[in-house]
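Reproduced below: query.cif, with mmCIF, C-alpha atoms and all ligand atoms.
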data_upload
#
loop_
_atom_site.label_atom_id
_atom_site.label_comp_id
_atom_site.auth_asym_id
_atom_site.auth_seq_id
_atom_site.Cartn_x
_atom_site.Cartn_y
_atom_site.Cartn_z
CA MET A 1 30.99 -17.39 -4.65
CA VAL A 2 28.02 -16.33 -2.50
CA ASN A 3 25.62 -19.12 -1.67
CA HIS A 4 22.16 -17.66 -2.40
CA THR A 5 20.42 -20.29 -0.32
CA SER A 6 22.41 -19.60 2.83
CA ALA A 7 20.74 -17.81 5.75
CA ALA A 8 24.02 -15.92 6.15
CA HIS A 9 23.50 -14.24 2.78
CA PRO A 10 24.40 -10.53 2.97
CA LEU A 11 20.86 -9.67 1.80
CA SER A 12 19.36 -11.37 4.86
CA ALA A 13 19.72 -7.99 6.63
CA TYR A 14 17.24 -6.79 4.01
CA GLY A 15 14.80 -9.66 4.44
CA TRP A 16 16.26 -12.40 2.24
CA ASP A 17 15.05 -15.70 3.74
CA GLU A 18 14.60 -19.41 3.05
CA ASP A 19 11.31 -18.90 1.19
CA ARG A 20 12.77 -16.32 -1.18
CA ALA A 21 15.86 -18.48 -1.66
CA ALA A 22 13.62 -21.45 -2.53
CA GLU A 23 11.69 -19.37 -5.07
CA PHE A 24 15.00 -18.17 -6.46
CA THR A 25 16.48 -21.62 -7.12
CA TYR A 26 15.16 -21.63 -10.69
CA PHE A 27 16.74 -18.24 -11.42
CA ALA A 28 20.03 -19.19 -9.73
CA GLU A 29 20.28 -22.16 -12.11
CA ALA A 30 19.94 -19.68 -14.98
CA GLY A 31 22.97 -17.78 -13.65
CA LEU A 32 20.96 -14.85 -12.28
CA THR A 33 21.66 -12.97 -9.05
CA PRO A 34 19.13 -12.06 -6.33
CA ALA A 35 18.67 -8.38 -5.55
CA ARG A 36 16.36 -6.06 -3.66
CA ILE A 37 15.22 -2.94 -5.47
CA SER A 38 16.02 0.18 -3.45
CA ARG A 39 14.78 2.82 -5.86
CA VAL A 40 13.03 3.03 -9.20
CA ASP A 41 12.92 5.65 -11.92
CA ARG A 42 11.91 5.52 -15.56
CA GLY A 43 13.14 2.25 -16.99
CA ARG A 44 15.98 2.05 -14.47
CA CYS A 45 16.40 1.08 -10.85
CA ASP A 46 18.99 0.87 -8.10
CA LEU A 47 19.27 -2.50 -6.49
CA LEU A 48 21.28 -4.14 -3.74
CA VAL A 49 23.29 -7.26 -4.53
CA ALA A 50 25.86 -9.27 -2.62
CA ASP A 51 29.35 -7.94 -3.13
CA GLU A 52 31.57 -10.94 -3.89
CA GLU A 53 34.71 -9.06 -2.86
CA THR A 54 33.71 -7.62 0.51
CA GLY A 55 31.01 -10.11 1.51
CA GLY A 56 28.75 -7.09 2.05
CA LEU A 57 26.36 -5.42 -0.35
CA ARG A 58 26.75 -3.04 -3.23
CA THR A 59 24.34 -0.86 -5.16
CA VAL A 60 23.98 -1.55 -8.85
CA ARG A 61 22.07 0.42 -11.46
CA ALA A 62 19.99 -1.81 -13.70
CA ASP A 63 17.65 -1.74 -16.67
CA THR A 64 14.09 -2.68 -15.70
CA ARG A 65 12.56 -2.52 -19.16
CA PRO A 66 12.43 -6.33 -19.65
CA VAL A 67 10.02 -6.58 -16.69
CA GLY A 68 8.01 -3.50 -17.69
CA ASP A 69 4.26 -4.03 -18.00
CA PRO A 70 1.37 -1.99 -19.40
CA ASP A 71 -0.23 -2.34 -15.95
CA PRO A 72 1.75 -0.04 -13.61
CA VAL A 73 0.86 -2.25 -10.63
CA LYS A 74 2.94 -5.04 -12.17
CA CYS A 75 5.98 -2.84 -12.73
CA PRO A 76 9.01 -3.04 -10.42
CA CYS A 77 8.94 -0.87 -7.31
CA THR A 78 11.01 -0.23 -4.20
CA GLY A 79 11.08 -3.35 -2.05
CA ASP A 80 10.66 -5.84 -4.90
CA TRP A 81 12.94 -8.87 -5.01
CA ALA A 82 14.47 -9.29 -8.44
CA ALA A 83 16.48 -11.75 -10.50
CA VAL A 84 19.26 -9.80 -12.19
CA ASP A 85 21.61 -10.54 -15.06
CA LEU A 86 24.71 -8.72 -13.80
CA ALA A 87 26.71 -9.50 -16.93
CA ALA A 88 24.25 -7.85 -19.33
CA GLN A 89 25.66 -5.02 -21.44
CA PRO A 90 25.59 -2.06 -21.40
CA LEU A 91 23.74 -2.30 -18.09
CA PRO A 92 22.78 -5.12 -15.69
CA THR A 93 19.21 -6.16 -16.42
CA VAL A 94 16.26 -7.13 -14.24
CA THR A 95 15.02 -10.38 -15.79
CA ALA A 96 12.19 -11.24 -13.41
CA LEU A 97 10.52 -10.19 -10.19
CA LEU A 98 9.85 -12.67 -7.39
CA SER A 99 6.24 -12.90 -6.26
CA ARG A 100 5.18 -10.14 -3.86
CA GLY A 101 4.16 -11.02 -0.34
CA THR A 102 2.50 -7.65 0.23
CA ALA A 103 2.12 -4.45 -1.78
CA VAL A 104 0.99 -0.96 -0.81
CA VAL A 105 -1.04 0.23 -3.79
CA ARG A 106 -2.85 3.50 -4.25
CA LYS A 107 -4.88 4.85 -7.11
CA THR A 108 -2.75 7.29 -9.09
CA ALA A 109 -3.59 10.94 -8.62
CA GLY A 110 -6.18 12.52 -10.89
CA GLY A 111 -9.19 10.96 -12.57
CA ARG A 112 -7.44 7.86 -13.92
CA SER A 113 -8.12 4.45 -12.46
CA ASP A 114 -4.54 3.12 -12.61
CA GLY A 115 -2.81 1.82 -9.52
CA GLN A 116 0.64 2.79 -8.28
CA VAL A 117 2.69 0.57 -5.99
CA LEU A 118 4.34 2.59 -3.23
CA ALA A 119 6.25 -0.30 -1.63
CA ALA A 120 6.44 -4.05 -2.00
CA ASN A 121 7.16 -6.85 0.45
CA VAL A 122 6.70 -4.90 3.66
CA ASP A 123 5.60 -6.36 7.01
CA THR A 124 4.32 -3.10 8.48
CA VAL A 125 2.73 0.01 7.03
CA MET A 126 3.57 2.88 9.36
CA ILE A 127 1.17 5.82 8.98
CA ALA A 128 2.78 9.07 10.12
CA VAL A 129 0.36 11.75 11.32
CA SER A 130 1.57 15.09 12.67
CA LEU A 131 0.30 16.32 16.01
CA ALA A 132 1.13 19.89 14.93
CA ALA A 133 -2.53 20.19 13.86
CA ASP A 134 -5.71 18.36 14.95
CA PRO A 135 -5.50 14.95 13.28
CA ASP A 136 -7.92 14.49 10.39
CA LEU A 137 -9.65 11.25 11.41
CA GLY A 138 -11.10 10.67 7.93
CA ARG A 139 -7.66 10.83 6.41
CA ILE A 140 -6.29 8.36 8.97
CA GLU A 141 -9.17 5.98 8.18
CA ARG A 142 -8.29 6.26 4.50
CA PHE A 143 -4.62 5.45 5.17
CA LEU A 144 -5.69 2.53 7.37
CA ALA A 145 -7.80 1.08 4.54
CA LEU A 146 -4.78 1.41 2.22
CA ALA A 147 -2.56 -0.26 4.83
CA TRP A 148 -4.91 -3.19 5.56
CA GLU A 149 -5.38 -3.77 1.83
CA SER A 150 -1.61 -4.18 1.39
CA GLY A 151 -1.59 -7.39 3.44
CA ALA A 152 0.86 -5.88 5.93
CA GLU A 153 0.14 -4.81 9.52
CA PRO A 154 -0.86 -1.14 9.96
CA LEU A 155 0.70 1.03 12.67
CA VAL A 156 -0.21 4.65 13.40
CA VAL A 157 2.54 6.96 14.62
CA LEU A 158 1.54 10.40 15.89
CA THR A 159 4.62 12.53 15.28
CA LYS A 160 5.91 15.77 16.82
CA GLY A 161 4.59 14.78 20.26
CA ASP A 162 6.69 17.58 21.76
CA LEU A 163 4.29 20.13 20.26
CA VAL A 164 1.25 19.09 22.33
CA ASP A 165 0.44 18.50 26.01
CA ASP A 166 -2.45 16.14 25.43
CA GLY A 167 -0.77 13.59 23.15
CA ASP A 168 -2.23 10.67 25.08
CA PHE A 169 -5.79 12.00 24.77
CA ILE A 170 -5.37 12.40 21.03
CA ARG A 171 -3.94 8.91 20.90
CA ALA A 172 -7.04 7.54 22.66
CA ASP A 173 -9.25 9.27 20.06
CA VAL A 174 -7.24 7.80 17.20
CA GLU A 175 -7.31 4.32 18.77
CA LYS A 176 -11.11 4.44 18.62
CA ILE A 177 -11.05 4.77 14.84
CA ALA A 178 -8.25 2.21 14.39
CA PRO A 179 -9.61 -1.11 15.67
CA GLY A 180 -6.84 -3.68 16.10
CA VAL A 181 -4.08 -1.17 15.36
CA THR A 182 -1.29 0.07 17.66
CA VAL A 183 -1.16 3.86 17.94
CA LEU A 184 1.99 5.52 19.32
CA VAL A 185 3.01 9.07 20.16
CA VAL A 186 6.61 9.91 19.25
CA SER A 187 8.87 12.91 18.99
CA ALA A 188 12.01 12.93 16.91
CA GLU A 189 12.86 16.18 18.67
CA THR A 190 12.93 14.78 22.24
CA GLY A 191 13.28 11.09 21.43
CA GLU A 192 9.96 10.31 23.19
CA GLY A 193 8.49 7.00 22.07
CA ILE A 194 11.27 6.19 19.59
CA ASP A 195 12.46 3.12 21.51
CA VAL A 196 8.91 1.77 21.80
CA LEU A 197 8.42 2.35 18.08
CA ARG A 198 11.70 0.55 17.31
CA ALA A 199 10.48 -2.42 19.32
CA CYS A 200 7.26 -2.54 17.23
CA LEU A 201 9.12 -2.77 13.93
CA HIS A 202 10.45 -5.95 12.37
CA GLY A 203 11.36 -6.81 8.82
CA ALA A 204 10.42 -4.18 6.27
CA THR A 205 8.31 -1.13 7.09
CA ALA A 206 6.70 1.22 4.56
CA LEU A 207 6.41 4.76 5.87
CA VAL A 208 3.40 6.63 4.47
CA GLY A 209 1.81 9.95 5.26
CA GLN A 210 1.30 13.47 4.08
CA SER A 211 4.22 15.63 3.15
CA GLY A 212 5.40 17.47 6.27
CA ALA A 213 4.17 14.70 8.61
CA GLY A 214 7.75 14.24 9.79
CA LYS A 215 8.56 11.05 7.86
CA SER A 216 12.14 11.91 6.90
CA THR A 217 12.96 13.16 10.39
CA LEU A 218 11.49 9.99 11.88
CA THR A 219 13.42 7.79 9.46
CA ASN A 220 16.63 9.51 10.51
CA ALA A 221 15.75 9.08 14.19
CA LEU A 222 15.13 5.36 13.65
CA ALA A 223 18.22 4.86 11.52
CA GLY A 224 20.43 6.67 14.06
CA HIS A 225 23.25 9.06 13.39
CA ARG A 226 24.40 7.19 10.30
CA ALA A 227 21.15 7.86 8.47
CA MET A 228 22.40 10.37 5.96
CA ALA A 229 25.49 8.35 5.26
CA VAL A 230 23.41 5.26 4.50
CA GLN A 231 20.78 7.08 2.52
CA GLU A 232 23.22 8.58 0.10
CA THR A 233 24.76 5.97 -2.07
CA ARG A 234 27.22 6.50 -4.84
CA SER A 235 26.70 4.55 -7.96
CA VAL A 236 27.95 4.59 -11.52
CA ASP A 237 25.41 5.16 -14.27
CA GLU A 238 25.61 3.68 -17.77
CA LYS A 239 27.71 6.57 -19.05
CA GLY A 240 30.28 5.89 -16.34
CA ARG A 241 29.33 9.01 -14.39
CA HIS A 242 29.33 8.89 -10.61
CA THR A 243 25.99 9.95 -9.26
CA THR A 244 24.71 10.44 -5.74
CA THR A 245 21.21 9.19 -5.25
CA THR A 246 18.85 9.02 -2.31
CA ARG A 247 18.08 5.49 -1.36
CA GLU A 248 14.46 4.82 -0.46
CA LEU A 249 15.25 1.56 1.29
CA ILE A 250 16.97 2.43 4.55
CA PRO A 251 18.49 -0.20 6.87
CA LEU A 252 17.88 0.13 10.61
CA PRO A 253 20.66 -0.53 13.16
CA ASP A 254 18.70 -3.32 14.91
CA GLY A 255 17.87 -5.02 11.64
CA GLY A 256 14.99 -4.41 9.31
CA VAL A 257 14.51 -1.68 6.74
CA VAL A 258 12.31 1.34 6.23
CA ILE A 259 10.92 2.22 2.82
CA ASP A 260 10.26 5.93 2.69
CA THR A 261 7.49 6.86 0.27
CA PRO A 262 6.95 10.29 -1.24
CA GLY A 263 4.56 12.57 0.67
CA LEU A 264 1.02 11.82 -0.45
CA ARG A 265 -1.39 14.67 -0.95
CA GLU A 266 -4.04 12.41 -2.40
CA VAL A 267 -4.46 8.79 -1.32
CA GLY A 268 -7.02 7.20 -3.57
CA LEU A 269 -7.96 3.64 -2.68
CA TYR A 270 -7.40 0.88 -5.18
CA GLY A 271 -10.19 -1.53 -4.27
CA GLY A 272 -10.20 -4.68 -2.18
CA GLU A 273 -11.17 -5.63 1.35
CA GLY A 274 -9.05 -2.98 3.08
CA VAL A 275 -12.02 -0.70 3.80
CA ASP A 276 -13.96 -3.45 5.57
CA MET A 277 -10.88 -4.35 7.60
CA ALA A 278 -10.33 -0.71 8.61
CA PHE A 279 -13.97 -0.54 9.71
CA ALA A 280 -14.08 -3.90 11.47
CA ASP A 281 -16.32 -2.39 14.17
CA ILE A 282 -19.04 -1.65 11.58
CA ALA A 283 -18.64 -5.11 10.05
CA ALA A 284 -19.10 -6.60 13.54
CA LEU A 285 -22.26 -4.55 14.11
CA ALA A 286 -23.62 -5.60 10.72
CA GLU A 287 -23.49 -9.26 11.77
CA ALA A 288 -26.39 -8.48 14.13
CA CYS A 289 -28.57 -6.87 11.41
CA ARG A 290 -31.79 -8.80 10.74
CA PHE A 291 -31.07 -9.11 7.00
CA ASP A 292 -27.83 -10.56 5.68
CA ASP A 293 -27.74 -8.06 2.82
CA CYS A 294 -28.71 -5.08 4.99
CA SER A 295 -27.61 -1.78 3.40
CA HIS A 296 -27.89 -0.09 6.84
CA ARG A 297 -30.09 2.64 5.41
CA SER A 298 -33.72 2.01 6.29
CA GLU A 299 -34.14 -1.72 6.91
CA PRO A 300 -35.91 -2.85 10.07
CA GLY A 301 -33.73 -4.56 12.66
CA CYS A 302 -30.56 -2.80 11.49
CA ALA A 303 -27.89 -2.97 14.21
CA VAL A 304 -25.77 -0.29 12.51
CA ALA A 305 -28.70 2.16 12.51
CA ALA A 306 -29.29 1.35 16.19
CA ALA A 307 -25.63 2.08 16.99
CA LEU A 308 -25.86 5.38 15.11
CA GLU A 309 -29.06 6.17 17.01
CA ASP A 310 -27.60 5.56 20.48
CA GLY A 311 -24.30 7.22 19.57
CA THR A 312 -22.02 4.18 19.96
CA LEU A 313 -21.17 4.58 16.25
CA PRO A 314 -20.45 8.22 15.38
CA GLN A 315 -22.19 9.55 12.27
CA ARG A 316 -18.84 10.88 11.01
CA ARG A 317 -17.31 7.41 11.00
CA MET A 318 -20.29 5.88 9.21
CA GLU A 319 -20.13 8.55 6.50
CA SER A 320 -16.38 8.03 6.13
CA TYR A 321 -16.99 4.28 5.71
CA LEU A 322 -19.68 4.77 3.06
CA LYS A 323 -17.52 7.28 1.18
CA LEU A 324 -14.50 4.96 1.03
CA GLN A 325 -16.73 2.05 0.04
CA ARG A 326 -18.23 4.08 -2.85
CA GLU A 327 -14.71 4.95 -3.96
CA ASN A 328 -13.74 1.27 -3.97
CA ASP A 329 -16.89 0.37 -5.94
CA TRP A 330 -15.96 2.96 -8.55
CA ILE A 331 -12.46 1.47 -8.92
CA ALA A 332 -13.94 -2.02 -9.21
CA SER A 333 -16.32 -0.88 -11.98
CA ARG A 334 -13.46 0.85 -13.77
CA SER A 335 -11.25 -2.22 -13.72
CA ASP A 336 -14.21 -4.31 -14.94
CA ALA A 337 -14.57 -1.81 -17.78
CA ARG A 338 -10.85 -2.09 -18.51
CA VAL A 339 -11.02 -5.88 -18.65
CA ALA A 340 -14.05 -5.63 -20.97
CA ALA A 341 -12.19 -3.21 -23.26
CA GLU A 342 -9.19 -5.55 -23.45
CA ARG A 343 -11.46 -8.48 -24.27
CA LEU A 344 -13.09 -6.46 -27.07
CA LYS A 345 -9.68 -5.50 -28.48
CA LYS A 346 -8.59 -9.13 -28.47
CA TRP A 347 -11.85 -10.21 -30.12
CA LYS A 348 -11.37 -7.60 -32.84
CA THR A 349 -7.84 -8.86 -33.53
CA ILE A 350 -9.11 -12.44 -33.76
CA THR A 351 -12.02 -11.59 -36.08
CA LYS A 352 -9.70 -9.50 -38.23
CA SER A 353 -7.24 -12.39 -38.62
CA MET A 354 -10.15 -14.77 -39.32
CA ARG A 355 -11.45 -12.46 -42.06
CA GLY A 356 -7.93 -12.53 -43.49
CA ALA A 357 -7.87 -16.36 -43.43
CA ASN A 358 -11.24 -16.77 -45.15
CA ASN A 359 -10.42 -14.25 -47.78
CA PRO A 360 -8.06 -15.39 -50.57
CA THR A 361 -6.33 -12.07 -51.03
CA ARG A 362 -3.08 -11.03 -52.58
CA HIS A 363 -1.49 -11.71 -49.13
CA ASP A 364 -2.03 -15.42 -49.57
CA PRO A 365 1.24 -16.80 -50.99
CA VAL A 366 -0.26 -20.24 -51.83
CA ARG A 367 -3.01 -18.96 -54.10
CA ARG A 368 -1.02 -16.31 -55.77
P1 LIG A 401 8.19 14.71 5.70
O1 LIG A 401 7.78 15.61 4.59
O2 LIG A 401 7.05 13.85 6.14
O3 LIG A 401 9.42 13.92 5.41
O4 LIG A 401 8.48 15.67 6.97
P2 LIG A 401 9.89 16.15 7.55
O5 LIG A 401 10.60 15.05 8.26
O6 LIG A 401 10.64 16.87 6.48
O7 LIG A 401 9.39 17.17 8.67
C1 LIG A 401 8.58 18.30 8.38
C2 LIG A 401 8.85 19.39 9.42
O8 LIG A 401 8.48 18.94 10.72
C3 LIG A 401 10.31 19.76 9.51
O9 LIG A 401 10.41 21.15 9.67
C4 LIG A 401 10.80 19.06 10.78
O10 LIG A 401 11.85 19.73 11.40
C5 LIG A 401 9.56 19.07 11.63
N1 LIG A 401 9.58 17.95 12.57
C6 LIG A 401 9.74 16.64 12.28
N2 LIG A 401 9.71 15.87 13.39
C7 LIG A 401 9.50 16.72 14.41
C8 LIG A 401 9.34 16.55 15.83
O11 LIG A 401 9.38 15.44 16.39
N3 LIG A 401 9.10 17.67 16.57
C9 LIG A 401 9.01 18.90 16.01
N4 LIG A 401 8.76 19.93 16.81
N5 LIG A 401 9.15 19.11 14.69
C10 LIG A 401 9.39 18.04 13.89
ZN ZN A 402 -27.89 -2.93 8.89
#
Turn the structure described in the file into structure tokens.
Amino acid sequence: MVNHTSAAHPLSAYGWDEDRAAEFTYFAEAGLTPARISRVDRGRCDLLVADEETGGLRTVRADTRPVGDPDPVKCPCTGDWAAVDLAAQPLPTVTALLSRGTAVVRKTAGGRSDGQVLAANVDTVMIAVSLAADPDLGRIERFLALAWESGAEPLVVLTKGDLVDDGDFIRADVEKIAPGVTVLVVSAETGEGIDVLRACLHGATALVGQSGAGKSTLTNALAGHRAMAVQETRSVDEKGRHTTTTRELIPLPDGGVVIDTPGLREVGLYGGEGVDMAFADIAALAEACRFDDCSHRSEPGCAVAAALEDGTLPQRRMESYLKLQRENDWIASRSDARVAAERLKKWKTITKSMRGANNPTRHDPVRR
């Protein structure tokens, strides 16, 4: 019998610790097993549980429908810690999710205002940006806002360093737009910077970036030669078929895991303080504005306007900040609208049932 509270638990290589074990006590008493979700698809997931026989881990396919939620942000995602009923038939069942420490959430593509969780419970959000083309600073700022908002530590990795001669100059430019964030140049091709990057990672890391940024290649470089072998896991689906799936939660040789996310063409922000954190330099300037509620447009004594004037704050960065802020405001107004709509729906249900109660109709068994 595996002791779920022990630090030597096989899942500790995946981040299982005393705090999670403490939160899990209640579920353990109910006969449930702790697991980390390594991949999610419609109504199902793959998860890692302790293997009683080998003392290692095994991958189990499970039903996630009991923890489904109309709000996609509350649905299980890769990196979530789960309480699983392994004995459930025909398929093990996810009964509950443990509370999330961090979550990388973006607005789903298109005009909708729903959120989508890319990874949960990560310590670092690693933003991969290819040096094969001039980096798009606005896009990096956007990813940084997403990363700060998650609650994890952002890290920018400039990939394919072998393709440029001036990697360090580009890095200096990117550092200027990433206050408080480490920026590294790496090459999976030559191995440049990979050891430094390894040393920066601990616990769980979500890897985000555009498709083609070199994320998969970098994951393989970090995971070492066994990468493909670890990524492919064989599991048995509910019809007893053996299937080979790609794991999105990849263990690293020195400990820790990487969560690979799909290439993102569109990274919409999903509200919160992330934008202000990504633009901490502007927030610091704003402290010196004469008015507390300065909009930095035309007020006298505006420190932001002064910085724009003397060139210490580039116009491009200011516009990027205002654009991301507007986007966040839009999301906030949409979620307010959604809450209002839900309230109205609830109110209608209540008034309908009240009308029913006041009205002695044929549905009333007492009066009939
Ligand atoms: P992903 O879509 O972000 O997962 O990107 P991939 O890892 O599939 O890489 C996209 C392309 O960039 C592939 O053709 C890789 O071979 C290439 N690539 C990735 N890393 C490097 C690198 O360090 N140097 C060079 N020259 N090419 C790279
Ligand atoms: Zn101002």
Within 9 Å of ligand LIG 401 (chain A), counting only C-alpha atoms and all ligand atoms, which protein or nucleic acid residues do you find, written as an mmCIF file with C-alpha atoms, keeping the file's coordinate frame?
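Contents of the output file out_10.cif:
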data_model
loop_
_atom_site.group_PDB
_atom_site.id
_atom_site.type_symbol
_atom_site.label_atom_id
_atom_site.label_comp_id
_atom_site.auth_asym_id
_atom_site.auth_seq_id
_atom_site.Cartn_x
_atom_site.Cartn_y
_atom_site.Cartn_z
ATOM 1 C CA ALA A 128 2.780 9.070 10.120
ATOM 2 C CA VAL A 129 0.360 11.750 11.320
ATOM 3 C CA SER A 130 1.570 15.090 12.670
ATOM 4 C CA LEU A 131 0.300 16.320 16.010
ATOM 5 C CA ALA A 132 1.130 19.890 14.930
ATOM 6 C CA THR A 159 4.620 12.530 15.280
ATOM 7 C CA LYS A 160 5.910 15.770 16.820
ATOM 8 C CA GLY A 161 4.590 14.780 20.260
ATOM 9 C CA ASP A 162 6.690 17.580 21.760
ATOM 10 C CA LEU A 163 4.290 20.130 20.260
ATOM 11 C CA VAL A 186 6.610 9.910 19.250
ATOM 12 C CA SER A 187 8.870 12.910 18.990
ATOM 13 C CA ALA A 188 12.010 12.930 16.910
ATOM 14 C CA GLU A 189 12.860 16.180 18.670
ATOM 15 C CA THR A 190 12.930 14.780 22.240
ATOM 16 C CA GLY A 191 13.280 11.090 21.430
ATOM 17 C CA GLU A 192 9.960 10.310 23.190
ATOM 18 C CA VAL A 208 3.400 6.630 4.470
ATOM 19 C CA GLY A 209 1.810 9.950 5.260
ATOM 20 C CA GLN A 210 1.300 13.470 4.080
ATOM 21 C CA SER A 211 4.220 15.630 3.150
ATOM 22 C CA GLY A 212 5.400 17.470 6.270
ATOM 23 C CA ALA A 213 4.170 14.700 8.610
ATOM 24 C CA GLY A 214 7.750 14.240 9.790
ATOM 25 C CA LYS A 215 8.560 11.050 7.860
ATOM 26 C CA SER A 216 12.140 11.910 6.900
ATOM 27 C CA THR A 217 12.960 13.160 10.390
ATOM 28 C CA LEU A 218 11.490 9.990 11.880
ATOM 29 C CA THR A 219 13.420 7.790 9.460
ATOM 30 C CA ASN A 220 16.630 9.510 10.510
ATOM 31 C CA ASP A 260 10.260 5.930 2.690
ATOM 32 C CA THR A 261 7.490 6.860 0.270
ATOM 33 C CA PRO A 262 6.950 10.290 -1.240
ATOM 34 C CA GLY A 263 4.560 12.570 0.670
#
Counting all atoms listed in the file, the residue of A:Trp81, A:Phe169, A:Phe291, A:Trp148 that sits nearest ligand ZN 402 (chain A):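 With all atoms listed in the file as the atom set, the closest residue is A:Phe291.
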Between chain A and ligand ZN 402 (chain A), at 6 Å or less, what are the per-residue closest atom pairs and their distances in Å? Count all atoms listed in the file, order by chain and rising residue number, and return it as JSON lines.
{"residue": "A:Ala286", "atom": "CA", "partner": "A:ZN402", "partner_atom": "ZN", "distance": 5.4}
{"residue": "A:Cys289", "atom": "CA", "partner": "A:ZN402", "partner_atom": "ZN", "distance": 4.7}
{"residue": "A:Cys294", "atom": "CA", "partner": "A:ZN402", "partner_atom": "ZN", "distance": 4.5}
{"residue": "A:Ser295", "atom": "CA", "partner": "A:ZN402", "partner_atom": "ZN", "distance": 5.6}
{"residue": "A:His296", "atom": "CA", "partner": "A:ZN402", "partner_atom": "ZN", "distance": 3.5}
{"residue": "A:Cys302", "atom": "CA", "partner": "A:ZN402", "partner_atom": "ZN", "distance": 3.7}
{"residue": "A:Ala303", "atom": "CA", "partner": "A:ZN402", "partner_atom": "ZN", "distance": 5.3}
{"residue": "A:Val304", "atom": "CA", "partner": "A:ZN402", "partner_atom": "ZN", "distance": 5.0}
Selected residue, from A:Asp310, A:Asp114, A:Asp281, A:Glu23, that lies nearest to A:Ser335 when counting all atoms listed in the file: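 Looking only at the distances to A:Ser335, the closest residue turns out to be A:Asp114.
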Atom pair atom CA of A:Arg171 / atom CA of A:Ala278: separation (Å): 16.9 Å
For the structure just given, write the atoms of stretch 74-88 of chain A, namely N, CA and C atoms, as a compact mmCIF listing (two decimals), in the first residue's frame.
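Dumped to out_28.txt:
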# COMPACT_ATOMS: atom_id res chain seq x y z
N LYS A 74 -12.91 25.96 -15.26
CA LYS A 74 -12.96 25.08 -14.09
C LYS A 74 -12.82 23.60 -14.47
N CYS A 75 -12.71 23.33 -15.76
CA CYS A 75 -12.59 21.94 -16.20
C CYS A 75 -11.15 21.44 -16.03
N PRO A 76 -10.99 20.11 -15.89
CA PRO A 76 -9.65 19.57 -15.69
C PRO A 76 -8.72 19.90 -16.85
N CYS A 77 -7.45 20.09 -16.55
CA CYS A 77 -6.48 20.34 -17.62
C CYS A 77 -5.14 19.70 -17.23
N THR A 78 -4.23 19.66 -18.18
CA THR A 78 -2.92 19.07 -17.93
C THR A 78 -2.24 19.80 -16.78
N GLY A 79 -1.76 19.02 -15.81
CA GLY A 79 -1.08 19.60 -14.66
C GLY A 79 -1.96 19.61 -13.41
N ASP A 80 -3.27 19.41 -13.58
CA ASP A 80 -4.15 19.38 -12.41
C ASP A 80 -3.85 18.16 -11.55
N TRP A 81 -4.00 18.33 -10.24
CA TRP A 81 -3.96 17.21 -9.31
C TRP A 81 -5.39 16.74 -9.08
N ALA A 82 -5.59 15.43 -9.13
CA ALA A 82 -6.95 14.90 -9.08
C ALA A 82 -7.09 13.81 -8.02
N ALA A 83 -8.31 13.65 -7.54
CA ALA A 83 -8.67 12.52 -6.69
C ALA A 83 -9.44 11.54 -7.57
N VAL A 84 -8.93 10.31 -7.67
CA VAL A 84 -9.47 9.37 -8.64
C VAL A 84 -10.04 8.13 -7.95
N ASP A 85 -11.19 7.69 -8.44
CA ASP A 85 -11.75 6.41 -8.01
C ASP A 85 -11.28 5.36 -9.03
N LEU A 86 -10.22 4.61 -8.66
CA LEU A 86 -9.63 3.66 -9.61
C LEU A 86 -10.52 2.45 -9.84
N ALA A 87 -11.43 2.19 -8.87
CA ALA A 87 -12.25 0.98 -8.97
C ALA A 87 -13.52 1.21 -9.79
N ALA A 88 -13.78 2.45 -10.18
CA ALA A 88 -15.02 2.74 -10.90
C ALA A 88 -15.08 1.97 -12.21
